[in-house]
Structure formats: structure tokens, C-alpha cells
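Read through the structure below, which is laid out as C-alpha cells, and then see the notes.
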Amino acid sequence: MGLTSNTALASAVSFALVLFVGTVWLWPRLARRGWRAVSGRVGLLLATQLAIFVSVGLAANQAFGFYATWADLFGQEDGQGVVVDHTAGGGSGGPLQVVETRRVREKGSARPEVGGQIQKVDIVGRTTRIATPAYVYLPPEYFQPQYRTRTFPAAVVLTGYPGTAQALVDKLHYPRTALELAKDGRAQPMILVMMRPTVAPPRDTECVDIPDGPQTESFFAEDLPEAVLAHYRVGTKPGSWGIIGDSTGGYCALKLAMHHPEVYAAGAGLSAYYNAPVDPTTGDLFHGNKSLKDRANLFWYLKHMPAPDTSLLVTTSRIGESNYQDTLRFIEQVKAKKPTRISSIVLDSGGHNFNTWRREIPGTLQWISGRLTDR
């Protein structure tokens, strides 16, 4: 029985019901003071509560798609995603302040020139006045004397909603993965700027320039690159920047790369969706502005706007991801739009969760590294 099957849910509910009825039926027989009667009551209560807990958990997992299989639930699926290409053939200053540093340990060494460094920073948008924290990963080469004049490509990495930037470091292991890939020669050294797309918490702005509200798209397209460029040795050419995200962050990454190819040469959406939702967490994003609403729909954008000169990566799973059919449709539409380029990672199974994204991140970082320049 699959984790998300109706059979598994029905079996769990039936078992819980049987235990409940059995508890009621046997309770008079166990209403004694002996240790056997007490143990029987305790055992029945615990078993009934556990069965109810499992039933509720299975129902919630079906509703929200946290895990796709039993192996996914217990973290036993470890096959990494494979990218399929569908295309034929610093200085100082600026609105960024470092507030804390930590090192990435490599073979017992805490020196930044060996393992790199993670800096916690505060960023304030010069034009949007949006203020938000972020984590910046600097590769070991950034601190090595022979590379003191070298610039590096940068990738913005976004969480889902609500998400935490620290989870990109501690749970999804972006810095450690980037370090290992560069060490093995599978990716070039890159700067990672890791943050939430929720820059006006608790509101989910979906990376939209909201009329009379937070100008989130402008922050990511203009203010953020400007702040990072003012503080770090990042390449200044359009091909020096990429953007990655999961879930809400994945939608933002694809949209920003499509809307602003002059900034982001590549955008990767892990478990992304393709249109901004409007719900209690977002509020009124568009204020009746149909043009703004249409632009937020990536299918509409592909159909009605000139094809952007950028590279896109999308990921999904055949079992466990609700975006599977939409992702296949998105791939087909992009393939027909030149010069936009499209690649994908399609897993056999995997839910909308960290375990799935950890399997896709190595391939994603390797993919984006191959599409960025350090100049």
C-alpha cells in the first residue's frame, strides 16, 4: 500500500475504529484494580490514540503532499535528480551589512580559504526600501590569495513560504553541496545569496510589485543585485547571476528569470507552480490591475510576451507532486519559444518536502553553474 493511497488511509481509519469499539466493549472487563487490568486499559488507550494519530497524519499528507512514499517519509530515498536538457543541439559599502559570520568546516579545518564562509547580512533596498536578512556563502577561492582579483558568479537561493533562510543552510545544505561540487570539479565556485521570498512578513507577496504595497519584484531584480555587487566580488555581466527556489521561491525564480533576463541568466524552480495564488496569506496582490495579474501567470507570459533569452530548469515527480502535469505543459510551451531554453529534473516519486529537494539540489547547482560566467 502506497503512503498516499486511499487504501492505506481507509485501512488506518478502519483499524482506529475497530480499536475504539473494542476499547468501549472491553472496558467493563478491565475495570479492575489488578496490574493486568490496568495494563490492558493503558494498552488499549495508547493503541487507539496511535491509530487515530496515524489516520490524521495520512489524511493530512494526502491533503498537503508532504511525502510521496514510505521511503520518502523515512528519508530512505536517496537517488539524485538528473537534469534533462530539452533544448536542441567586491568592494565595500552599499546597502548591505554583515552582522555575523560562520565557517564551513572541511576536513577538520575551519579556515575560510579551505571551507569557505557563511555571512549573515542585513540588506536594505535602495529604491524599494525593503529590508530583509540573508545568508551569503563565499567559496574558499574567494579568500585564497591567487584569486584576490577574481570575480565570482552568484546565485540567489529562495525558500518557500513561509520558510526560513537558515533552513537553506542547515536543512537543505546549499553551501556544503556547492563546496563539494566545486571540489570535485562538477561546478565552478559560486557565491550563494540565501533568503526568503517573504520580504514583507507575514505577507506572502509572491515576488509581485504590489500597487501601493511592497515592490518585491523590483527588490529582487534591482536592489538585491546592486547591494551584493557593492559589497562582494561578483561578476557584473548579465550572465553572472542566476536564481534558484523551491515552491513559492521556485515560482519566483522562474518569473524573475523570465521577466528580467538581463539580470538573471538562469532560473531554477524546484517544485514550482506557475501562477501567483491569491489567498488569505497574499491579500489582494493586483488591486484590479489585469496587466499585472496576467504578467504573474507564466503560461500567459510565454504566450503573449517576447521569449526571454534565459535558461530555465523545472523539477517535479511523477508520484507525489501536484505540479507534475503543469510542469510537463510548461516544458512543452517553453520548447516552442526561442531563444528561451528549458531543462528539467523529473523524479519517479517525491513529495513537496526537504528530502525531495535535497535530491534535486546537486543537479540544480551543477546545472546553474554551467550557465553562469564569472565575469
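Each chain in the C-alpha cells gets a letter, A, B and so on, in the order shown; residues start at 1 in every chain, and ligands are counted from 1 in the order they appear.
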TODO: Extract, using only C-alpha atoms, all DNA, RNA and protein residues at most 9 Å from segment 211-226 of chain A, discarding same-chain residues fewer than 3 positions from it, and format them as a ChimeraX atom specification.
DONE: /A:94-95,123-130,197-200,205-208,229-231,241,252,256,259-260,263-264,285-287,289
Open item on the list: Please identify the strand (DSSP E or B) residues within segment 45-278 of chain A (assignment by DSSP from backbone atoms) and present them as a ChimeraX atom specification.
Closed with: /A:84-85,96-103,106,109,117-124,131-138,152,154-158,191-195,200,203,209,215,234,241-246,266-270,275
Open item on the list: Let me make sure I understand: among A:Gly2, A:Pro153, A:Gly245, A:Gly43, which one has the smallest atom-to-atom distance to Leu19 of chain A if we use only C-alpha atoms?
Closed with: A:Gly43
Open item on the list: as an MDAnalysis selection string, please: the residues near Val56 of chain A (cut-off 9 Å, only C-alpha atoms, same-chain neighbours under 4 positions excluded).
Closed with: chainID A and resid 9 13 51:52 60:61
- [ ] Find, counting only C-alpha atoms, the residue in A:Pro202, A:Gly115, A:Pro339, A:Gly185 that gets nearest to Thr310 of chain A.
- [x] A:Pro339
Open item on the list: Would you compute the distance between atom CA of Gly350 of chain A and atom CA of Ala8 of chain A? Give it in Å to one decimal.
Closed with: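 Here the two named atoms are 17.6 Å from each other.
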TODO: Measure the distance from atom CA of Tyr161 of chain A to atom CA of Val104 of chain A in Å and round it to one decimal.
DONE: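 We find that atom CA of Tyr161 of chain A and atom CA of Val104 of chain A lie 26.3 Å from each other.
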Task: Contact residues around Lys255 of chain A with only C-alpha atoms at 9 Å, ignoring same-chain residues under 6 positions, as a ChimeraX atom specification - done: /A:207,267,274,295-298
How about saving the chosen residues, all heavy atoms kept, as a PDB file, in the first residue's frame?
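Final output, result.pdb:
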```pdb
ATOM      1  N   CYS A 207       6.570  37.681  -4.899  1.00  0.00           N
ATOM      2  CA  CYS A 207       7.522  38.411  -5.745  1.00  0.00           C
ATOM      3  C   CYS A 207       6.813  39.298  -6.768  1.00  0.00           C
ATOM      4  O   CYS A 207       7.198  39.368  -7.942  1.00  0.00           O
ATOM      5  CB  CYS A 207       8.477  37.446  -6.434  1.00  0.00           C
ATOM      6  SG  CYS A 207       9.476  36.481  -5.282  1.00  0.00           S
ATOM      7  N   GLY A 267      17.258  30.498 -14.254  1.00  0.00           N
ATOM      8  CA  GLY A 267      16.348  30.396 -13.125  1.00  0.00           C
ATOM      9  C   GLY A 267      15.875  28.971 -12.956  1.00  0.00           C
ATOM     10  O   GLY A 267      15.464  28.327 -13.927  1.00  0.00           O
ATOM     11  N   TYR A 274       3.099  27.913 -11.338  1.00  0.00           N
ATOM     12  CA  TYR A 274       3.327  28.784 -12.494  1.00  0.00           C
ATOM     13  C   TYR A 274       2.394  30.000 -12.556  1.00  0.00           C
ATOM     14  O   TYR A 274       2.374  30.703 -13.556  1.00  0.00           O
ATOM     15  CB  TYR A 274       3.216  27.947 -13.778  1.00  0.00           C
ATOM     16  CG  TYR A 274       4.186  26.785 -13.755  1.00  0.00           C
ATOM     17  CD1 TYR A 274       3.773  25.521 -13.336  1.00  0.00           C
ATOM     18  CD2 TYR A 274       5.525  26.968 -14.079  1.00  0.00           C
ATOM     19  CE1 TYR A 274       4.673  24.464 -13.267  1.00  0.00           C
ATOM     20  CE2 TYR A 274       6.424  25.922 -14.011  1.00  0.00           C
ATOM     21  CZ  TYR A 274       5.998  24.669 -13.600  1.00  0.00           C
ATOM     22  OH  TYR A 274       6.890  23.628 -13.520  1.00  0.00           O
ATOM     23  N   ARG A 295       0.778  39.195 -16.135  1.00  0.00           N
ATOM     24  CA  ARG A 295       2.234  39.020 -16.133  1.00  0.00           C
ATOM     25  C   ARG A 295       2.690  38.020 -15.079  1.00  0.00           C
ATOM     26  O   ARG A 295       3.741  37.384 -15.224  1.00  0.00           O
ATOM     27  CB  ARG A 295       2.922  40.363 -15.883  1.00  0.00           C
ATOM     28  CG  ARG A 295       3.041  41.245 -17.110  1.00  0.00           C
ATOM     29  CD  ARG A 295       3.620  42.600 -16.770  1.00  0.00           C
ATOM     30  NE  ARG A 295       4.892  42.486 -16.044  1.00  0.00           N
ATOM     31  CZ  ARG A 295       6.085  42.324 -16.611  1.00  0.00           C
ATOM     32  NH1 ARG A 295       6.172  42.242 -17.932  1.00  0.00           N
ATOM     33  NH2 ARG A 295       7.176  42.258 -15.880  1.00  0.00           N
ATOM     34  N   ALA A 296       1.902  37.889 -14.013  1.00  0.00           N
ATOM     35  CA  ALA A 296       2.259  36.947 -12.944  1.00  0.00           C
ATOM     36  C   ALA A 296       1.967  35.501 -13.322  1.00  0.00           C
ATOM     37  O   ALA A 296       2.417  34.581 -12.640  1.00  0.00           O
ATOM     38  CB  ALA A 296       1.516  37.301 -11.659  1.00  0.00           C
ATOM     39  N   ASN A 297       1.214  35.304 -14.407  1.00  0.00           N
ATOM     40  CA  ASN A 297       0.901  33.960 -14.894  1.00  0.00           C
ATOM     41  C   ASN A 297       1.944  33.587 -15.944  1.00  0.00           C
ATOM     42  O   ASN A 297       1.980  34.162 -17.041  1.00  0.00           O
ATOM     43  CB  ASN A 297      -0.506  33.950 -15.507  1.00  0.00           C
ATOM     44  CG  ASN A 297      -0.945  32.563 -15.914  1.00  0.00           C
ATOM     45  OD1 ASN A 297      -0.155  31.760 -16.404  1.00  0.00           O
ATOM     46  ND2 ASN A 297      -2.221  32.269 -15.720  1.00  0.00           N
ATOM     47  N   LEU A 298       2.793  32.613 -15.629  1.00  0.00           N
ATOM     48  CA  LEU A 298       3.902  32.300 -16.533  1.00  0.00           C
ATOM     49  C   LEU A 298       3.429  31.685 -17.839  1.00  0.00           C
ATOM     50  O   LEU A 298       4.088  31.849 -18.874  1.00  0.00           O
ATOM     51  CB  LEU A 298       4.891  31.365 -15.822  1.00  0.00           C
ATOM     52  CG  LEU A 298       5.477  31.893 -14.500  1.00  0.00           C
ATOM     53  CD1 LEU A 298       6.593  30.979 -14.014  1.00  0.00           C
ATOM     54  CD2 LEU A 298       5.979  33.319 -14.650  1.00  0.00           C
TER      55      LEU A 298
END
```
Open item on the list: I'd like the contact shell of Val193 of chain A - 10 Å cut-off, only C-alpha atoms, skipping same-chain residues fewer than 2 positions apart - returned as a PyMOL selection string.
Closed with: chain A and resi 118-121+134-138+154-158+165+190-191+195+224-225+228+243-244
Open item on the list: Just want the 12 Å neighbourhood of Pro140 of chain A, counted on only C-alpha atoms, with same-chain residues fewer than 6 positions away dropped. Output as number ranges by chain.
Closed with: A: 103-106, 109-118, 146-148, 152, 175-176, 178-180, 182-183, 188-191
TODO: Please identify all polymer residues within 9 Å of Phe354 of chain A, counting only C-alpha atoms, omitting same-chain residues fewer than 5 positions from it, and present them as a list in words.
DONE: Lys171, Leu172 and Arg359 of chain A
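Separating atom CA of Leu46 of chain A from atom CA of Trp25 of chain A is a distance of 16.0 Å.
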Task: helix (DSSP H, G or I) call set, DSSP backbone run, segment 171-272 of chain A, as a PyMOL selection string - done: chain A and resi 174-183+216-231+238-240+248-259
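Between Arg102 of chain A and the candidates A:Gly288, A:Ser322, A:Val169, A:Leu365, the tightest atom-to-atom separation, counting only C-alpha atoms, involves A:Val169.
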- [ ] Go through A:Ser55, A:Thr236, A:Ser311, A:Ser349 and flag the residue nearest Leu254 of chain A, using only C-alpha atoms for the distances.
- [x]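 Looking at the shortest contact to Leu254 of chain A, the residue is A:Ser311.
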